[in-house]
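Listing of data17.txt; format and content: compact mmCIF, C-alpha atoms and all ligand atoms.
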```txt
# COMPACT_ATOMS: atom_id res chain seq x y z
CA MET A 1227 122.89 118.91 72.24
CA ARG A 1228 120.02 121.20 73.03
CA GLU A 1229 119.15 122.85 76.28
CA MET A 1230 115.42 122.94 76.93
CA GLY A 1231 115.53 126.14 78.94
CA LEU A 1232 115.81 126.85 82.62
CA TRP A 1233 112.67 126.25 84.61
CA TRP A 1234 111.93 127.53 88.08
CA ARG A 1235 113.89 126.10 90.94
CA THR A 1236 112.11 124.69 93.91
CA GLY A 1237 113.41 121.86 95.99
CA PHE A 1238 111.49 118.66 96.45
CA GLY A 1239 114.17 116.92 98.45
CA CYS A 1240 112.02 117.14 101.56
CA SER A 1241 109.55 114.76 100.05
CA LEU A 1242 112.25 112.39 98.87
CA LEU A 1243 113.78 112.57 102.28
CA ALA A 1244 110.41 112.03 103.88
CA MET A 1245 110.06 108.85 101.87
CA SER A 1246 113.01 107.27 103.61
CA VAL A 1247 112.39 108.79 107.01
CA ALA A 1248 108.65 108.45 107.32
CA GLY A 1249 108.42 105.51 104.95
CA CYS A 1250 105.94 105.13 102.16
CA LYS A 1251 103.36 102.47 101.50
CA ALA A 1252 104.89 99.06 101.08
CA PRO A 1253 105.80 98.69 97.43
CA ASP A 1254 103.98 95.41 97.11
CA ALA A 1255 100.93 96.53 99.03
CA THR A 1256 98.63 96.18 96.06
CA SER A 1257 96.60 93.12 95.34
CA ASN A 1258 98.12 92.56 91.91
CA SER A 1259 101.67 92.07 93.03
CA VAL A 1260 103.02 88.74 94.11
CA SER A 1261 106.33 89.05 95.83
CA SER A 1262 108.89 86.37 96.34
CA GLY A 1263 112.06 87.15 98.23
CA THR A 1264 113.58 83.77 97.66
CA ALA A 1265 114.06 83.25 93.99
CA ALA A 1266 114.23 79.49 93.61
CA THR A 1267 117.00 78.12 91.47
CA SER A 1268 115.67 76.35 88.46
CA THR A 1269 117.57 73.98 86.28
CA GLY A 1270 115.84 74.92 83.07
CA ASN A 1271 113.07 73.30 81.09
CA ALA A 1272 114.61 72.87 77.71
CA SER A 1273 117.04 70.16 76.91
CA SER A 1274 118.27 71.32 73.55
CA GLY A 1275 120.11 74.42 74.66
CA ASN A 1276 119.71 75.48 71.05
CA ASP A 1277 120.12 79.18 71.29
CA ALA A 1278 118.66 80.19 67.96
CA THR A 1279 119.53 83.81 68.50
CA GLY A 1280 123.14 83.13 69.27
CA ALA A 1281 122.89 85.24 72.42
CA ALA A 1282 125.85 84.89 74.70
CA GLN A 1283 125.23 82.85 77.83
CA THR A 1284 127.34 84.06 80.71
CA THR A 1285 129.15 81.19 82.38
CA SER A 1286 127.44 81.84 85.71
CA ALA A 1287 123.97 82.06 84.18
CA PRO A 1288 121.66 79.13 84.80
CA LYS A 1289 120.90 77.19 81.60
CA ILE A 1290 117.65 77.87 79.85
CA GLY A 1291 116.20 77.35 76.42
CA ALA A 1292 112.97 78.50 74.79
CA ALA A 1293 110.14 79.38 77.15
CA ARG A 1294 106.87 77.41 77.12
CA PRO A 1295 104.04 79.07 75.21
CA TYR A 1296 102.15 81.44 77.46
CA GLU A 1297 99.21 79.75 79.11
CA GLY A 1298 98.19 82.05 81.96
CA LYS A 1299 94.56 82.91 82.66
CA ASP A 1300 95.61 86.45 83.53
CA ILE A 1301 98.47 88.44 82.04
CA LEU A 1302 101.42 87.69 84.31
CA LEU A 1303 104.36 90.08 83.99
CA GLY A 1304 107.67 89.20 85.64
CA GLU A 1305 109.71 91.86 87.39
CA TYR A 1306 113.18 91.45 88.90
CA GLY A 1307 114.89 94.13 90.89
CA SER A 1308 116.94 95.11 93.92
CA MET A 1309 114.42 95.13 96.75
CA THR A 1310 117.28 94.47 99.19
CA GLY A 1311 121.06 94.86 99.10
CA THR A 1312 123.36 97.73 98.23
CA THR A 1313 120.93 99.53 95.91
CA ALA A 1314 117.58 98.66 97.49
CA THR A 1315 116.05 102.07 96.78
CA TYR A 1316 116.36 101.39 93.03
CA GLY A 1317 114.15 98.30 93.16
CA LYS A 1318 111.60 99.87 95.47
CA SER A 1319 111.24 103.11 93.49
CA THR A 1320 110.88 101.18 90.24
CA HIS A 1321 108.37 98.69 91.61
CA ASN A 1322 106.16 101.49 92.92
CA GLY A 1323 106.00 102.90 89.40
CA VAL A 1324 105.32 99.49 87.85
CA MET A 1325 102.44 98.79 90.25
CA MET A 1326 100.88 102.17 89.70
CA ALA A 1327 100.86 101.55 85.93
CA VAL A 1328 99.44 98.04 86.33
CA ASP A 1329 96.69 99.13 88.71
CA GLU A 1330 95.72 101.96 86.38
CA ALA A 1331 95.61 99.58 83.41
CA ASN A 1332 93.49 97.11 85.38
CA ALA A 1333 91.09 99.88 86.40
CA ALA A 1334 90.70 100.60 82.68
CA GLY A 1335 89.85 96.95 81.89
CA GLY A 1336 93.28 95.27 81.82
CA VAL A 1337 94.76 94.12 78.53
CA LEU A 1338 93.40 91.62 75.98
CA GLY A 1339 90.35 91.53 78.27
CA LYS A 1340 92.45 90.03 81.06
CA LYS A 1341 93.67 91.24 84.41
CA ILE A 1342 97.38 92.07 84.71
CA ARG A 1343 99.43 90.72 87.60
CA VAL A 1344 103.08 91.15 88.52
CA GLN A 1345 105.40 88.47 89.86
CA LEU A 1346 108.26 90.25 91.59
CA GLU A 1347 111.65 88.65 92.34
CA ASP A 1348 114.24 90.29 94.56
CA ASP A 1349 117.79 89.90 93.22
CA GLY A 1350 119.46 91.33 96.33
CA SER A 1351 121.39 93.84 94.14
CA LYS A 1352 123.54 90.97 92.78
CA PRO A 1353 124.09 89.99 89.11
CA GLU A 1354 124.16 86.23 89.84
CA GLN A 1355 120.88 86.50 91.69
CA ALA A 1356 119.39 88.51 88.82
CA ALA A 1357 120.15 85.56 86.52
CA THR A 1358 118.53 83.15 88.97
CA ALA A 1359 115.52 85.43 89.37
CA VAL A 1360 114.69 85.62 85.65
CA THR A 1361 115.27 81.89 85.25
CA LYS A 1362 112.68 81.30 87.95
CA LEU A 1363 110.28 83.83 86.40
CA ILE A 1364 110.53 82.09 83.03
CA ASN A 1365 110.81 78.43 84.03
CA SER A 1366 108.55 78.25 87.06
CA ASP A 1367 106.13 81.14 86.65
CA ASN A 1368 106.05 81.18 82.84
CA VAL A 1369 105.65 84.96 82.80
CA LEU A 1370 104.61 86.61 79.55
CA THR A 1371 107.34 89.26 79.56
CA VAL A 1372 109.95 90.59 81.98
CA ILE A 1373 110.51 94.09 83.42
CA GLY A 1374 113.98 94.87 84.85
CA GLU A 1375 116.67 95.53 85.88
CA VAL A 1376 117.83 98.99 86.79
CA ALA A 1377 121.56 98.33 87.18
CA SER A 1378 123.30 97.51 83.89
CA SER A 1379 125.48 94.75 85.40
CA ARG A 1380 122.34 92.94 86.56
CA SER A 1381 120.49 93.46 83.29
CA LEU A 1382 123.57 92.11 81.49
CA ALA A 1383 123.47 88.97 83.64
CA ALA A 1384 119.76 88.34 83.03
CA ALA A 1385 119.24 89.52 79.45
CA PRO A 1386 120.91 86.51 77.77
CA ILE A 1387 118.43 84.26 79.58
CA CYS A 1388 115.41 86.27 78.38
CA GLN A 1389 116.89 86.39 74.89
CA ALA A 1390 117.52 82.63 74.75
CA ALA A 1391 114.01 81.98 76.07
CA GLY A 1392 112.35 84.36 73.59
CA VAL A 1393 110.81 86.38 76.42
CA PRO A 1394 110.76 90.16 75.81
CA MET A 1395 112.63 92.09 78.51
CA MET A 1396 112.09 95.80 79.12
CA SER A 1397 114.74 97.44 81.28
CA PRO A 1398 113.41 100.63 82.86
CA ALA A 1399 116.76 102.28 83.47
CA SER A 1400 119.87 100.32 82.44
CA THR A 1401 121.89 102.77 80.38
CA ASN A 1402 124.94 100.73 79.31
CA PRO A 1403 124.75 100.25 75.50
CA LYS A 1404 125.64 96.55 75.78
CA VAL A 1405 122.36 95.69 77.49
CA THR A 1406 120.15 95.86 74.40
CA GLN A 1407 122.99 94.55 72.22
CA VAL A 1408 122.38 91.15 73.86
CA GLY A 1409 119.64 90.56 71.33
CA ASP A 1410 116.38 91.52 69.67
CA TYR A 1411 114.18 90.61 72.65
CA ILE A 1412 115.91 93.15 74.90
CA PHE A 1413 114.55 96.72 75.15
CA ARG A 1414 114.96 99.69 77.41
CA ALA A 1415 112.70 102.60 78.36
CA CYS A 1416 115.63 105.01 78.79
CA TYR A 1417 118.52 106.72 77.03
CA ILE A 1418 122.04 105.25 76.87
CA ASP A 1419 125.37 106.25 78.45
CA PRO A 1420 127.08 107.75 75.39
CA VAL A 1421 124.30 110.35 75.46
CA GLN A 1422 124.33 110.71 79.24
CA GLY A 1423 128.14 110.93 79.29
CA ARG A 1424 128.14 113.68 76.72
CA ILE A 1425 125.73 115.74 78.80
CA ILE A 1426 127.63 115.19 82.07
CA ALA A 1427 130.90 116.22 80.38
CA HIS A 1428 129.11 119.27 79.00
CA LEU A 1429 127.92 120.21 82.52
CA GLY A 1430 131.57 120.18 83.58
CA SER A 1431 133.10 122.08 80.70
CA GLN A 1432 130.25 124.48 79.84
CA ASP A 1433 128.11 124.99 82.93
CA LEU A 1434 130.95 124.81 85.48
CA LYS A 1435 133.63 126.10 83.09
CA ALA A 1436 136.08 123.45 84.28
CA LYS A 1437 139.31 123.01 82.32
CA ASN A 1438 140.50 120.02 84.29
CA ALA A 1439 138.73 117.25 86.11
CA ALA A 1440 139.21 113.97 87.97
CA ILE A 1441 137.25 110.75 87.58
CA LEU A 1442 136.51 108.20 90.28
CA ARG A 1443 134.97 105.00 88.86
CA ASP A 1444 133.65 101.70 90.18
CA ILE A 1445 135.57 99.08 88.20
CA LYS A 1446 133.20 96.27 89.19
CA ASN A 1447 130.21 98.04 87.68
CA ALA A 1448 129.54 97.98 83.92
CA TYR A 1449 127.58 101.22 84.11
CA SER A 1450 130.29 103.09 86.00
CA VAL A 1451 133.11 101.96 83.73
CA GLY A 1452 131.19 102.69 80.52
CA LEU A 1453 129.94 106.05 81.67
CA ALA A 1454 133.40 107.08 82.98
CA ASP A 1455 134.87 106.32 79.55
CA GLU A 1456 132.21 108.39 77.79
CA ILE A 1457 132.66 111.35 80.16
CA SER A 1458 136.43 111.23 79.79
CA LYS A 1459 136.22 111.13 76.00
CA GLU A 1460 133.74 114.01 75.80
CA PHE A 1461 135.42 116.21 78.39
CA THR A 1462 138.70 115.86 76.52
CA LYS A 1463 136.95 116.58 73.24
CA ASN A 1464 135.59 119.78 74.80
CA GLY A 1465 139.20 120.87 75.41
CA GLY A 1466 139.37 119.74 79.04
CA GLN A 1467 141.98 117.56 80.70
CA ILE A 1468 141.44 114.54 82.93
CA VAL A 1469 144.15 115.00 85.54
CA ALA A 1470 143.35 111.86 87.57
CA ASP A 1471 141.39 108.68 86.83
CA GLN A 1472 141.01 106.60 89.99
CA SER A 1473 138.97 103.52 90.76
CA PHE A 1474 137.29 101.56 93.55
CA GLN A 1475 135.01 98.53 93.86
CA GLU A 1476 131.37 98.48 94.91
CA GLY A 1477 131.15 97.97 98.65
CA ASP A 1478 134.37 99.87 99.41
CA LYS A 1479 134.00 102.23 102.33
CA ASP A 1480 137.34 104.04 102.38
CA PHE A 1481 138.18 106.21 99.39
CA ARG A 1482 140.79 108.41 101.05
CA ALA A 1483 143.81 107.02 99.18
CA GLN A 1484 142.19 107.72 95.78
CA LEU A 1485 140.91 111.10 96.96
CA THR A 1486 144.32 112.12 98.25
CA THR A 1487 145.80 111.41 94.81
CA ILE A 1488 142.98 113.37 93.20
CA LYS A 1489 143.45 116.26 95.63
CA SER A 1490 147.14 116.52 94.74
CA LYS A 1491 146.17 117.18 91.09
CA ASN A 1492 143.82 119.98 92.10
CA PRO A 1493 140.96 119.32 89.62
CA GLN A 1494 138.12 121.83 89.29
CA VAL A 1495 135.42 119.16 89.30
CA VAL A 1496 135.25 115.47 90.24
CA PHE A 1497 133.20 113.11 88.07
CA VAL A 1498 131.78 110.19 90.07
CA PRO A 1499 129.67 108.06 87.71
CA ALA A 1500 128.60 105.60 90.41
CA TYR A 1501 125.69 104.55 92.65
CA TYR A 1502 124.34 106.55 95.56
CA ASN A 1503 125.96 104.73 98.51
CA GLU A 1504 129.45 105.23 97.17
CA VAL A 1505 128.76 108.75 95.91
CA ALA A 1506 127.53 109.75 99.39
CA LEU A 1507 130.59 108.27 101.14
CA ILE A 1508 132.98 109.76 98.58
CA ALA A 1509 131.39 113.19 99.10
CA ARG A 1510 131.79 112.94 102.86
CA GLN A 1511 135.42 111.92 102.60
CA MET A 1512 136.14 114.58 99.98
CA ARG A 1513 134.77 117.32 102.22
CA SER A 1514 136.66 115.99 105.25
CA LEU A 1515 139.87 116.18 103.20
CA GLY A 1516 139.07 119.81 102.47
CA MET A 1517 138.00 119.17 98.86
CA GLN A 1518 135.09 121.46 98.03
CA GLN A 1519 134.90 120.70 94.29
CA PRO A 1520 131.52 120.11 92.66
CA ILE A 1521 130.71 116.43 92.15
CA LEU A 1522 129.19 115.44 88.81
CA GLY A 1523 127.44 112.12 88.27
CA GLY A 1524 124.78 110.30 86.30
CA ASP A 1525 121.39 108.74 86.98
CA GLY A 1526 122.85 106.36 89.60
CA VAL A 1527 123.23 109.28 92.02
CA GLU A 1528 119.53 109.78 92.63
CA SER A 1529 118.12 108.10 95.72
CA PRO A 1530 116.39 109.26 98.88
CA LYS A 1531 119.38 107.70 100.65
CA LEU A 1532 121.96 109.97 99.00
CA ILE A 1533 121.11 112.96 101.16
CA GLU A 1534 120.45 110.80 104.21
CA ILE A 1535 123.92 109.21 104.05
CA GLY A 1536 125.83 112.14 102.58
CA GLY A 1537 124.36 114.96 104.67
CA PRO A 1538 125.70 118.43 103.83
CA ALA A 1539 128.67 116.85 102.01
CA VAL A 1540 126.49 116.06 98.97
CA ASN A 1541 125.54 119.69 98.45
CA ASN A 1542 127.10 120.85 95.19
CA THR A 1543 126.48 117.50 93.47
CA MET A 1544 124.93 117.73 90.02
CA PHE A 1545 123.62 114.75 88.05
CA THR A 1546 121.52 113.64 85.10
CA THR A 1547 118.28 111.74 85.63
CA HIS A 1548 115.20 110.49 83.78
CA PHE A 1549 112.45 112.73 85.04
CA SER A 1550 111.76 115.93 86.88
CA SER A 1551 108.73 116.09 89.13
CA GLU A 1552 108.61 119.77 88.18
CA SER A 1553 107.89 118.99 84.56
CA THR A 1554 105.03 121.09 83.23
CA ASP A 1555 103.92 118.37 80.80
CA PRO A 1556 100.25 117.57 81.60
CA LEU A 1557 100.87 113.81 81.62
CA ALA A 1558 103.80 114.20 84.01
CA ARG A 1559 101.72 116.48 86.25
CA LYS A 1560 98.94 113.90 86.41
CA PHE A 1561 101.48 111.19 87.24
CA VAL A 1562 103.07 113.25 90.03
CA GLN A 1563 99.66 114.05 91.53
CA GLY A 1564 98.44 110.46 91.30
CA TYR A 1565 101.65 109.14 92.79
CA LYS A 1566 101.54 111.63 95.65
CA GLN A 1567 98.00 110.56 96.41
CA ARG A 1568 98.92 106.90 96.34
CA TYR A 1569 102.26 106.89 98.15
CA GLY A 1570 102.31 110.24 99.95
CA VAL A 1571 105.58 111.34 98.33
CA ILE A 1572 106.82 112.75 95.04
CA PRO A 1573 108.14 110.22 92.49
CA ASP A 1574 111.82 110.08 91.54
CA GLY A 1575 113.37 109.33 88.16
CA LEU A 1576 113.29 105.58 88.64
CA THR A 1577 109.62 105.54 89.57
CA ALA A 1578 108.88 107.41 86.35
CA VAL A 1579 110.81 104.98 84.15
CA GLY A 1580 109.35 102.01 86.06
CA TYR A 1581 105.89 103.40 85.32
CA ASP A 1582 106.83 103.93 81.67
CA ALA A 1583 108.45 100.49 81.30
CA ALA A 1584 105.25 98.82 82.51
CA ARG A 1585 103.06 101.00 80.29
CA LEU A 1586 105.28 100.34 77.25
CA THR A 1587 104.98 96.61 77.92
CA ILE A 1588 101.20 96.71 78.30
CA ASP A 1589 100.90 98.86 75.19
CA ALA A 1590 102.93 96.35 73.16
CA ILE A 1591 100.78 93.43 74.38
CA LYS A 1592 97.69 95.37 73.41
CA ARG A 1593 99.01 96.22 69.94
CA ALA A 1594 100.19 92.64 69.43
CA GLY A 1595 96.63 91.57 70.22
CA SER A 1596 98.00 88.26 71.40
CA THR A 1597 100.08 86.49 74.04
CA ASP A 1598 102.45 85.27 71.34
CA ARG A 1599 105.79 86.61 72.61
CA ALA A 1600 107.23 87.00 69.09
CA LYS A 1601 104.32 89.28 68.23
CA ILE A 1602 104.76 91.24 71.45
CA ARG A 1603 108.47 91.65 70.67
CA GLN A 1604 107.57 92.91 67.21
CA ALA A 1605 105.06 95.41 68.66
CA MET A 1606 107.64 96.64 71.19
CA ALA A 1607 110.18 97.15 68.42
CA THR A 1608 107.76 99.43 66.58
CA THR A 1609 106.96 101.68 69.56
CA LYS A 1610 106.69 105.23 68.28
CA ASN A 1611 105.90 108.49 70.06
CA PHE A 1612 104.58 106.68 73.09
CA PRO A 1613 103.40 109.25 75.65
CA GLY A 1614 105.71 108.39 78.55
CA VAL A 1615 105.78 110.49 81.70
CA SER A 1616 109.55 110.66 81.27
CA GLY A 1617 109.11 112.03 77.76
CA LYS A 1618 107.84 110.87 74.38
CA ILE A 1619 109.30 107.44 73.74
CA THR A 1620 110.32 106.08 70.37
CA LEU A 1621 112.32 102.85 70.46
CA ASN A 1622 115.02 103.07 67.81
CA ALA A 1623 116.54 100.28 65.72
CA ASP A 1624 118.83 99.40 68.66
CA ARG A 1625 115.78 99.10 70.97
CA ASN A 1626 116.83 102.14 72.99
CA ALA A 1627 114.61 105.07 73.90
CA VAL A 1628 115.42 108.47 72.53
CA LYS A 1629 114.27 111.25 74.83
CA PRO A 1630 115.28 114.28 76.87
CA MET A 1631 117.26 114.18 80.08
CA ALA A 1632 116.69 116.10 83.31
CA VAL A 1633 119.58 117.70 85.21
CA MET A 1634 119.27 118.02 88.98
CA LYS A 1635 121.49 119.13 91.82
CA VAL A 1636 121.63 118.97 95.58
CA GLU A 1637 121.41 122.33 97.25
CA ASN A 1638 120.93 122.90 100.99
CA GLY A 1639 120.11 119.23 101.49
CA LYS A 1640 117.41 119.19 98.82
CA TYR A 1641 117.09 118.00 95.23
CA VAL A 1642 116.69 120.98 92.93
CA PHE A 1643 115.73 120.81 89.27
CA VAL A 1644 118.29 122.56 87.06
CA LYS A 1645 117.21 122.09 83.45
CA THR A 1646 116.22 119.67 80.74
CA MET A 1647 118.77 118.72 78.08
CA ASN A 1648 118.22 117.18 74.69
CA GLU A 1649 120.84 115.41 72.68
N1 LIG A 1701 121.60 103.67 84.66
C1 LIG A 1701 122.09 102.87 85.76
C2 LIG A 1701 122.78 101.63 85.18
O1 LIG A 1701 122.67 101.38 84.04
C3 LIG A 1701 121.02 102.47 86.72
C4 LIG A 1701 120.22 103.55 87.34
C5 LIG A 1701 119.23 104.22 86.64
C6 LIG A 1701 120.38 103.89 88.65
C7 LIG A 1701 118.46 105.22 87.22
C8 LIG A 1701 119.63 104.89 89.25
C9 LIG A 1701 118.68 105.56 88.53
O2 LIG A 1701 123.42 100.89 85.89
```
Could you render the structure from this file as structure tokens?
Amino acid sequence: MREMGLWWRTGFGCSLLAMSVAGCKAPDATSNSVSSGTAATSTGNASSGNDATGAAQTTSAPKIGAARPYEGKDILLGEYGSMTGTTATYGKSTHNGVMMAVDEANAAGGVLGKKIRVQLEDDGSKPEQAATAVTKLINSDNVLTVIGEVASSRSLAAAPICQAAGVPMMSPASTNPKVTQVGDYIFRACYIDPVQGRIIAHLGSQDLKAKNAAILRDIKNAYSVGLADEISKEFTKNGGQIVADQSFQEGDKDFRAQLTTIKSKNPQVVFVPAYYNEVALIARQMRSLGMQQPILGGDGVESPKLIEIGGPAVNNTMFTTHFSSESTDPLARKFVQGYKQRYGVIPDGLTAVGYDAARLTIDAIKRAGSTDRAKIRQAMATTKNFPGVSGKITLNADRNAVKPMAVMKVENGKYVFVKTMNE
């Protein structure tokens, strides 16, 4: 693990906050995005059900076989994400990044001499709806490739459908290792949780010098469970002790029973590898119980809503993310400036990986030189040193990105960049 050095610290939380308070341009305000809030259920277009890849079909997933050859006049990319529901900021941030990348590519002539369009499906932050959304994108819209999802549980519900259909899927931000293990058509533009967990554990034992810690995990969430296990393993390996390991389920609002148990063990830090709504509520209830411990989390913490919901209680929360708007990299600077001009706010980590996921997809289509999805898959698999705004991206043999991680914290109601870490 390598620390990339401490950079200057200036908050940009105001801008993130402003995004939710003042609102930013509608995410689908551009001409190239087609949005459909009601993902129609489709029964599938292939009768054989012959899943050549052997990819697991979840029982709840709608049935689908191989996709029809691509026949669009333009290049139609499918995107599915949480535009509504418990994690609506994830879908919106990501889609803003996707549309910025697509509009820039179109301004530069599109790809394969064609204009790029995006068909967006809202999955309401629900795994079952994610499966329905990609089925619709593939069966009805016959999209060339798919971008999504952010949440690992939703990517895990949809990936087997993309895999069985032979439609490349690029997840911008799902970090659970199992996502790309679904099959060779499934890629991600981000790092994975064993890496993220190691760094979060390191923040606890090295940066905060904690000898003992508690964990509070969301047992209904693949990301939370996987990341909690990694943190626990690494923190223990560093010589620390996990004195309490408590759980809840997404949507819970009262965490006081678990927090009271945790409080009685007197940990020095509390790891909460969960999504922003729950992290914000947990922080509020911790502080009201007189627990002032630092909270440590992963990429799921970051959202303009965290500070809005959590208020001063989320101060002293540190987390890993995919991008820092304070990066000095020229490409990242250009992205931040362009985004600010376009949306009036500074981009967050998800916007950056959304932007990169779309650019990786377009780059693979270009290198494939064809709308043959097998060729596009092959081009994606050989992505090397791609200049992403979230770092240089090489997709490894497991179709995961290898790149640095940003560490941020909340201080005085603002997001503050802490440092960049490398594995
Ligand atoms: N990594 C999270 C998951 O796999 C999703 C996430 C990424 C959420 C980035 C917020 C920001 O579920």
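Distances here use only C-alpha atoms and all ligand atoms; by that measure, the residue among A:Ser1490, A:Asn1541, A:Ser1596, A:Thr1577 closest to ligand LIG 1701 (chain A) is A:Thr1577.
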Could the residues of chain A that have an atom at most 6 Å from ligand LIG 1701 (chain A) be listed as a Markdown table, each with its closest atom pair and the distance in Å to one decimal, counting all atoms listed in the file and ordered by chain and ascending residue number?
```
| residue | atom | partner | partner_atom | distance |
| --- | --- | --- | --- | --- |
| A:Val1376 | CA | A:LIG1701 | C3 | 4.7 |
| A:Ala1377 | CA | A:LIG1701 | O2 | 3.4 |
| A:Ser1378 | CA | A:LIG1701 | O1 | 3.9 |
| A:Ala1399 | CA | A:LIG1701 | C5 | 4.5 |
| A:Ser1400 | CA | A:LIG1701 | O1 | 3.4 |
| A:Thr1401 | CA | A:LIG1701 | O1 | 4.0 |
| A:Asn1402 | CA | A:LIG1701 | O1 | 5.3 |
| A:Tyr1449 | CA | A:LIG1701 | O2 | 4.5 |
| A:Asp1525 | CA | A:LIG1701 | C9 | 4.5 |
| A:Gly1526 | CA | A:LIG1701 | C8 | 3.6 |
| A:Glu1528 | CA | A:LIG1701 | C9 | 5.9 |
| A:Leu1576 | CA | A:LIG1701 | C7 | 5.4 |
```
Exercise. Residues at most 8 Å from Thr1597 (chain A), counting only C-alpha atoms, excluding those fewer than 4 positions away in the same chain, as number ranges by chain?
Worked result: A: 1296, 1370, 1591, 1601-1602
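Rounded to one decimal, CA of Lys1635 (chain A) and CA of Ile1535 (chain A) lie 15.9 Å from each other.
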Exercise. Taking only C-alpha atoms into account, which of A:Ser1379, A:Thr1487, A:Ser1529, A:Gln1389 comes nearest Thr1315 (chain A)?
Worked result: A:Ser1529
Seminar exercise, completed: The residue from A:Asn1611, A:Asn1438, A:Asn1447, A:Asn1492 with the smallest atom-to-atom distance to Ala1627 (chain A), counting all atoms listed in the file, is A:Asn1611
Quick one: region 1499-1511 of chain A with N, CA and C atoms, as a JSON list (two decimals), keeping the file's coordinate frame?
```json
[["chain", "number", "residue", "atom", "x", "y", "z"],
["A", 1499, "PRO", "N", 130.79, 108.77, 88.34],
["A", 1499, "PRO", "CA", 129.67, 108.06, 87.71],
["A", 1499, "PRO", "C", 129.43, 106.73, 88.43],
["A", 1500, "ALA", "N", 128.76, 106.80, 89.57],
["A", 1500, "ALA", "CA", 128.60, 105.60, 90.41],
["A", 1500, "ALA", "C", 127.22, 105.60, 91.05],
["A", 1501, "TYR", "N", 126.98, 104.65, 91.97],
["A", 1501, "TYR", "CA", 125.69, 104.55, 92.65],
["A", 1501, "TYR", "C", 125.70, 105.32, 93.96],
["A", 1502, "TYR", "N", 124.51, 105.58, 94.47],
["A", 1502, "TYR", "CA", 124.34, 106.55, 95.56],
["A", 1502, "TYR", "C", 125.13, 106.28, 96.83],
["A", 1503, "ASN", "N", 125.24, 105.01, 97.26],
["A", 1503, "ASN", "CA", 125.96, 104.73, 98.51],
["A", 1503, "ASN", "C", 127.40, 105.23, 98.43],
["A", 1504, "GLU", "N", 128.06, 104.85, 97.33],
["A", 1504, "GLU", "CA", 129.45, 105.23, 97.17],
["A", 1504, "GLU", "C", 129.59, 106.74, 96.94],
["A", 1505, "VAL", "N", 128.68, 107.31, 96.16],
["A", 1505, "VAL", "CA", 128.76, 108.75, 95.91],
["A", 1505, "VAL", "C", 128.65, 109.51, 97.24],
["A", 1506, "ALA", "N", 127.73, 109.07, 98.10],
["A", 1506, "ALA", "CA", 127.53, 109.75, 99.39],
["A", 1506, "ALA", "C", 128.79, 109.63, 100.26],
["A", 1507, "LEU", "N", 129.39, 108.46, 100.31],
["A", 1507, "LEU", "CA", 130.59, 108.27, 101.14],
["A", 1507, "LEU", "C", 131.77, 109.04, 100.56],
["A", 1508, "ILE", "N", 131.89, 109.02, 99.24],
["A", 1508, "ILE", "CA", 132.98, 109.76, 98.58],
["A", 1508, "ILE", "C", 132.84, 111.25, 98.89],
["A", 1509, "ALA", "N", 131.61, 111.76, 98.81],
["A", 1509, "ALA", "CA", 131.39, 113.19, 99.10],
["A", 1509, "ALA", "C", 131.81, 113.51, 100.52],
["A", 1510, "ARG", "N", 131.42, 112.67, 101.46],
["A", 1510, "ARG", "CA", 131.79, 112.94, 102.86],
["A", 1510, "ARG", "C", 133.30, 112.96, 103.04],
["A", 1511, "GLN", "N", 133.97, 111.99, 102.42],
["A", 1511, "GLN", "CA", 135.42, 111.92, 102.60],
["A", 1511, "GLN", "C", 136.13, 113.05, 101.85]]
```
